[in-house]
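Colleague: Here you go, start-v5.cif (mmCIF, C-alpha atoms):
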```
data_query
loop_
_atom_site.label_atom_id
_atom_site.label_comp_id
_atom_site.auth_asym_id
_atom_site.auth_seq_id
_atom_site.Cartn_x
_atom_site.Cartn_y
_atom_site.Cartn_z
CA MET A 460 -32.15 -5.41 -27.94
CA GLU A 461 -30.44 -4.69 -24.64
CA ALA A 462 -27.05 -4.42 -26.31
CA ALA A 463 -28.47 -2.01 -28.90
CA ALA A 464 -29.98 0.11 -26.14
CA CYS A 465 -26.60 0.44 -24.46
CA LEU A 466 -25.05 1.86 -27.61
CA GLN A 467 -27.34 4.91 -27.41
CA TYR A 468 -25.43 6.31 -24.42
CA LYS A 469 -22.48 8.62 -24.98
CA ALA A 470 -20.50 7.39 -21.96
CA PRO A 471 -17.71 4.84 -22.58
CA ARG A 472 -19.15 1.34 -22.46
CA VAL A 473 -18.29 -2.30 -22.92
CA VAL A 474 -20.86 -4.81 -24.14
CA VAL A 475 -20.28 -7.90 -22.02
CA SER A 476 -23.14 -10.09 -23.27
CA PRO A 477 -26.35 -9.66 -25.32
CA ASN A 478 -28.30 -8.79 -22.17
CA ARG A 479 -25.63 -6.97 -20.21
CA CYS A 480 -23.35 -3.99 -20.80
CA VAL A 481 -21.04 -1.86 -18.68
CA MET A 482 -20.91 1.95 -18.87
CA MET A 483 -18.14 3.90 -17.18
CA ASN A 484 -18.71 7.40 -15.84
CA ARG A 485 -15.25 8.87 -15.24
CA SER A 486 -16.48 12.14 -13.73
CA LEU A 487 -18.45 10.31 -11.00
CA ASN A 488 -15.90 7.49 -10.63
CA MET A 489 -18.52 4.78 -11.03
CA VAL A 490 -19.51 1.96 -13.32
CA ILE A 491 -23.14 1.45 -14.35
CA VAL A 492 -24.09 -2.12 -15.18
CA LYS A 493 -27.30 -2.64 -17.13
CA ARG A 494 -28.93 -6.04 -17.04
CA ARG A 495 -32.45 -6.89 -18.23
CA SER A 496 -33.75 -3.32 -18.10
CA SER A 497 -32.44 -2.70 -14.58
CA TYR A 498 -29.47 -0.66 -13.47
CA SER A 499 -26.95 -1.29 -10.73
CA VAL A 500 -24.13 1.03 -9.78
CA VAL A 501 -20.70 -0.28 -8.77
CA ARG A 502 -18.56 2.32 -7.01
CA CYS A 503 -14.89 2.08 -8.08
CA SER A 504 -12.15 2.56 -5.52
CA GLY A 505 -8.83 4.05 -6.46
CA GLY A 506 -6.44 1.70 -4.68
CA GLY A 507 -5.59 -1.44 -2.98
CA GLY A 508 -8.33 -2.37 -0.48
CA GLY A 509 -10.91 -4.82 -1.65
CA GLY A 510 -12.74 -2.42 -3.99
CA ILE A 511 -13.41 -2.95 -7.68
CA GLY A 512 -11.37 -0.90 -10.10
CA ILE A 513 -11.71 -0.17 -13.79
CA GLY A 514 -8.93 -2.64 -14.47
CA ASP A 515 -11.06 -5.42 -12.97
CA LEU A 516 -13.71 -4.88 -15.64
CA VAL A 517 -11.84 -3.89 -18.81
CA GLY A 518 -8.48 -5.42 -19.63
CA GLY A 519 -7.21 -5.85 -16.10
CA ASP A 520 -4.43 -8.10 -17.37
CA LEU A 521 -3.40 -5.61 -20.05
CA VAL A 522 -3.89 -2.15 -18.53
CA LYS A 523 -1.01 -1.57 -16.13
CA LEU A 524 -0.91 2.11 -15.24
CA ASP A 525 1.82 1.63 -12.64
CA LEU A 526 4.55 0.35 -14.97
CA GLY A 527 6.31 3.72 -14.92
CA ARG A 528 6.44 3.69 -11.13
CA TRP A 529 7.63 0.07 -11.28
CA LEU A 530 10.64 1.02 -13.42
CA SER A 531 11.53 4.00 -11.27
CA ASP A 532 11.31 1.95 -8.05
CA VAL A 533 13.54 -0.76 -9.51
CA GLU A 534 16.18 1.87 -10.31
CA GLU A 535 15.79 3.66 -6.98
CA HIS A 536 15.66 0.72 -4.54
CA LYS A 537 17.47 -1.87 -6.71
CA ALA A 538 15.97 -4.76 -4.69
CA LEU A 539 12.20 -5.26 -4.45
CA ALA A 540 9.90 -7.74 -2.75
CA ILE A 541 6.85 -8.43 -4.92
CA TYR A 542 3.44 -9.86 -4.05
CA SER A 543 1.33 -11.21 -6.91
CA PRO A 544 -2.23 -12.62 -7.16
CA HIS A 545 -2.60 -16.33 -6.51
CA GLU A 546 -3.80 -17.03 -10.06
CA GLY A 547 -0.45 -15.87 -11.43
CA GLY A 548 0.46 -14.34 -14.77
CA TYR A 549 0.49 -10.67 -13.79
CA GLU A 550 4.19 -10.59 -12.93
CA GLY A 551 5.04 -11.34 -16.56
CA ARG A 552 3.95 -7.83 -17.60
CA TYR A 553 6.43 -6.28 -15.20
CA LEU A 554 9.19 -8.72 -16.12
CA ASN A 555 8.80 -7.92 -19.81
CA ARG A 556 8.98 -4.19 -19.16
CA LEU A 557 12.38 -4.69 -17.53
CA ARG A 558 13.41 -6.85 -20.47
CA TYR A 559 12.47 -4.03 -22.87
CA GLN A 560 14.74 -1.73 -20.87
CA GLY A 561 17.75 -3.94 -21.66
CA TYR A 562 17.96 -6.15 -18.58
CA TYR A 563 18.88 -9.83 -18.68
CA PHE A 564 17.51 -12.32 -16.19
CA LEU A 565 18.76 -15.02 -13.85
CA ASP A 566 15.73 -17.02 -12.67
CA LEU A 567 16.21 -19.04 -9.49
CA SER A 568 13.99 -20.83 -7.00
CA ALA A 569 14.53 -20.16 -3.31
CA ARG A 570 13.82 -23.83 -2.58
CA GLY A 571 17.14 -25.64 -2.86
CA LEU A 572 19.09 -22.42 -3.36
CA GLY A 573 21.28 -23.18 -0.36
CA ASP A 574 23.35 -20.33 1.01
CA PRO A 575 22.51 -17.33 -1.23
CA GLU A 576 25.83 -15.61 -0.55
CA ALA A 577 27.89 -18.69 -1.50
CA THR A 578 25.73 -19.63 -4.48
CA LEU A 579 25.54 -16.17 -6.02
CA THR A 580 28.93 -14.60 -5.26
CA LYS A 581 31.41 -17.38 -4.41
CA ILE A 582 32.76 -20.62 -5.81
CA HIS A 583 30.52 -23.21 -4.18
CA PRO A 584 30.43 -27.02 -4.01
CA VAL A 585 27.55 -29.11 -5.31
CA CYS A 586 27.11 -32.81 -4.47
CA PRO A 587 25.19 -34.65 -7.21
CA ALA A 588 22.80 -37.41 -6.27
CA HIS A 589 24.61 -40.76 -6.04
CA VAL A 590 21.50 -42.99 -5.47
CA GLY A 591 23.52 -45.19 -3.11
CA LYS A 592 25.71 -46.80 -5.78
CA GLN A 593 28.19 -44.24 -7.08
CA PRO A 594 30.83 -42.71 -4.82
CA ILE A 595 29.93 -39.38 -3.26
CA ALA A 596 31.43 -36.66 -5.45
CA ARG A 597 31.73 -32.93 -5.01
CA TRP A 598 31.73 -30.56 -7.97
CA TYR A 599 32.61 -26.88 -7.76
CA PHE A 600 30.62 -24.26 -9.63
CA PRO A 601 31.50 -20.61 -10.31
CA PRO A 602 29.49 -17.81 -8.66
CA GLU A 603 26.12 -17.62 -10.44
CA VAL A 604 25.89 -13.83 -10.49
CA ASP A 605 29.51 -13.17 -11.46
CA TYR A 606 29.37 -15.82 -14.17
CA ARG A 607 26.20 -14.31 -15.69
CA LEU A 608 27.61 -10.79 -15.46
CA SER A 609 30.66 -11.91 -17.42
CA LEU A 610 28.37 -13.14 -20.22
CA LEU A 611 26.31 -9.97 -20.58
CA PRO A 612 26.59 -8.20 -23.96
CA PRO A 613 28.12 -4.72 -23.94
CA ASN A 614 24.76 -3.01 -24.50
CA ALA A 615 23.03 -4.76 -21.56
CA LYS A 616 21.68 -2.50 -18.85
CA GLY A 617 22.20 -5.05 -16.10
CA LEU A 618 21.22 -8.39 -14.62
CA VAL A 619 17.97 -9.03 -12.75
CA VAL A 620 18.12 -11.88 -10.23
CA TRP A 621 14.48 -13.00 -10.11
CA ILE A 622 13.85 -15.38 -7.19
CA ILE A 623 10.57 -17.25 -6.93
CA GLU A 624 9.21 -18.68 -3.67
CA ALA A 625 11.38 -16.27 -1.68
CA LYS A 626 8.90 -16.49 1.19
CA VAL A 627 10.77 -19.59 2.42
CA LEU A 628 14.01 -17.63 2.94
CA SER A 629 15.08 -16.51 6.38
CA LYS A 630 15.45 -12.87 7.31
CA SER A 631 19.25 -13.05 7.13
CA GLU A 632 19.05 -14.50 3.61
CA LEU A 633 16.66 -11.74 2.54
CA GLN A 634 19.04 -9.20 4.03
CA PHE A 635 21.87 -10.48 1.86
CA LEU A 636 19.67 -10.29 -1.25
CA ALA A 637 18.72 -6.72 -0.33
CA LEU A 638 22.42 -5.79 -0.11
CA LEU A 639 23.47 -7.68 -3.25
CA PRO A 640 23.02 -4.65 -5.58
CA THR A 641 25.47 -2.78 -3.33
CA LEU A 642 28.06 -5.54 -3.83
CA ARG A 643 27.32 -5.86 -7.57
CA PRO A 644 26.15 -2.46 -8.90
CA LYS A 645 24.80 -3.87 -12.20
CA VAL A 646 22.53 -6.35 -10.40
CA ARG A 647 18.86 -5.84 -9.51
CA VAL A 648 16.97 -8.26 -7.26
CA ILE A 649 13.28 -9.15 -7.48
CA ALA A 650 12.07 -11.58 -4.80
CA GLU A 651 8.58 -13.12 -4.84
CA CYS A 652 7.81 -12.93 -1.12
CA GLY A 653 4.12 -13.80 -1.08
CA ASN A 654 0.70 -13.18 -2.61
CA TRP A 655 -1.86 -10.41 -2.52
CA ARG A 656 -5.14 -9.47 -4.24
CA LYS A 657 -3.27 -7.43 -6.84
CA PHE A 658 0.33 -7.08 -7.95
CA MET A 659 2.23 -4.91 -5.48
CA TRP A 660 5.78 -4.39 -4.33
CA LYS A 661 7.89 -2.76 -1.62
CA PRO A 662 11.63 -2.29 -1.05
CA LEU A 663 13.26 -5.55 -0.01
CA LYS A 664 15.15 -3.72 2.73
CA GLU A 665 11.84 -3.00 4.46
CA VAL A 666 10.81 -6.65 4.31
CA ALA A 667 14.21 -7.76 5.60
CA ALA A 668 14.15 -5.13 8.39
CA LEU A 669 17.20 -3.33 7.03
CA THR A 670 15.67 0.16 6.83
CA GLY A 671 17.93 2.55 8.72
CA ASN A 672 20.33 -0.26 9.69
CA GLU A 673 22.35 -0.69 6.49
CA ASP A 674 25.61 0.01 8.32
CA ALA A 675 24.81 -2.18 11.30
#
```
Represent the structure of the file as structure tokens.

Modeller:
Amino acid sequence: MEAAACLQYKAPRVVVSPNRCVMMNRSLNMVIVKRRSSYSVVRCSGGGGGGIGIGDLVGGDLVKLDLGRWLSDVEEHKALAIYSPHEGGYEGRYLNRLRYQGYYFLDLSARGLGDPEATLTKIHPVCPAHVGKQPIARWYFPPEVDYRLSLLPPNAKGLVVWIIEAKVLSKSELQFLALLPTLRPKVRVIAECGNWRKFMWKPLKEVAALTGNEDA
């Protein structure tokens, strides 16, 4: 009966359960929740504090109104630090949008990365585990970024170096990652530098304290 009563209103609504529905009033920027013949009003905030937004109630994992700004910021800044919710999963929407644009990905973990400059842009040695029995060997690997760039198809827009757990990197290592697109113009860098209540990002140069000191 409660669900049928909700359907009589002309405002956009979502029936959550047989005794509860949600009605959105866009002109007043509020959400009216009806439960057991009583009404409660939830005021929606427009941005990032701790307020509840429309996306928290209807398709928050699907409705991403900032994807256009995400693409433009990737092209403008070329290296971004991202902060995603602890529960995870949201960053996949933004990754896929870059994939649709024609980017290819190099996924790396900051833990065990070693020297980012040597690993990504230079021939670097790797010592495999010898478990105390085999002789200690040293193998040499090609630069990860240059090797992946050489394998890109002709129609590729570029290479995105996506680094997880980048919060363990030092400031000097983050500074190199922020400058990597300058050294390799077809490279974009996305570094997961922490967590926040919602998915957000900022230029990696700001996080690495490089703003205004690029030539220093």

Colleague: Just give me the gap between atom CA of Glu535 of chain A and atom CA of Gly561 of chain A in Å, one decimal is fine.

Modeller: 16.6 Å

Colleague: Report as an NGL selection string the full result of the PyMOL selection byres ((chain A and resi 564) around 12) when it is applied to this structure.

Modeller: :A and (554-555 or 557-563 or 565-567 or 603-604 or 607-608 or 610-611 or 615-622 or 645-649)

Colleague: Between atom CA of Val533 of chain A and atom CA of Phe635 of chain A, what is the spacing in Å?

Modeller: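 Rounded to one decimal, the two atoms are 17.1 Å apart.
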
Colleague: Name every residue that the PyMOL selection byres ((chain A and resi 597-599) around 8) selects in this structure, writing the answer as a list of chain:residue names with chains first and numbers rising.

Modeller: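 Selected by the PyMOL selection byres ((chain A and resi 597-599) around 8) in this file: A:Ile582, A:His583, A:Pro584, A:Val585, A:Cys586, A:Pro587, A:Ile595, A:Ala596, A:Phe600, A:Pro601.
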
Colleague: Please write the residues picked by the PyMOL selection byres ((chain A and resi 576) around 9) on this file as a list in words.

Modeller: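 With the PyMOL selection byres ((chain A and resi 576) around 9) on this model, the match is Gly573, Asp574, Pro575, Ala577, Thr578, Leu579, Thr580, Lys581, Glu632, Phe635, Leu636 and Leu639 of chain A.
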
Colleague: Considering only C-alpha atoms, can you say which of A:Val627, A:Arg552, A:Pro594, A:Trp529 comes closest to Pro662 of chain A?

Modeller: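 Among the listed residues, A:Trp529 lies closest to Pro662 of chain A.
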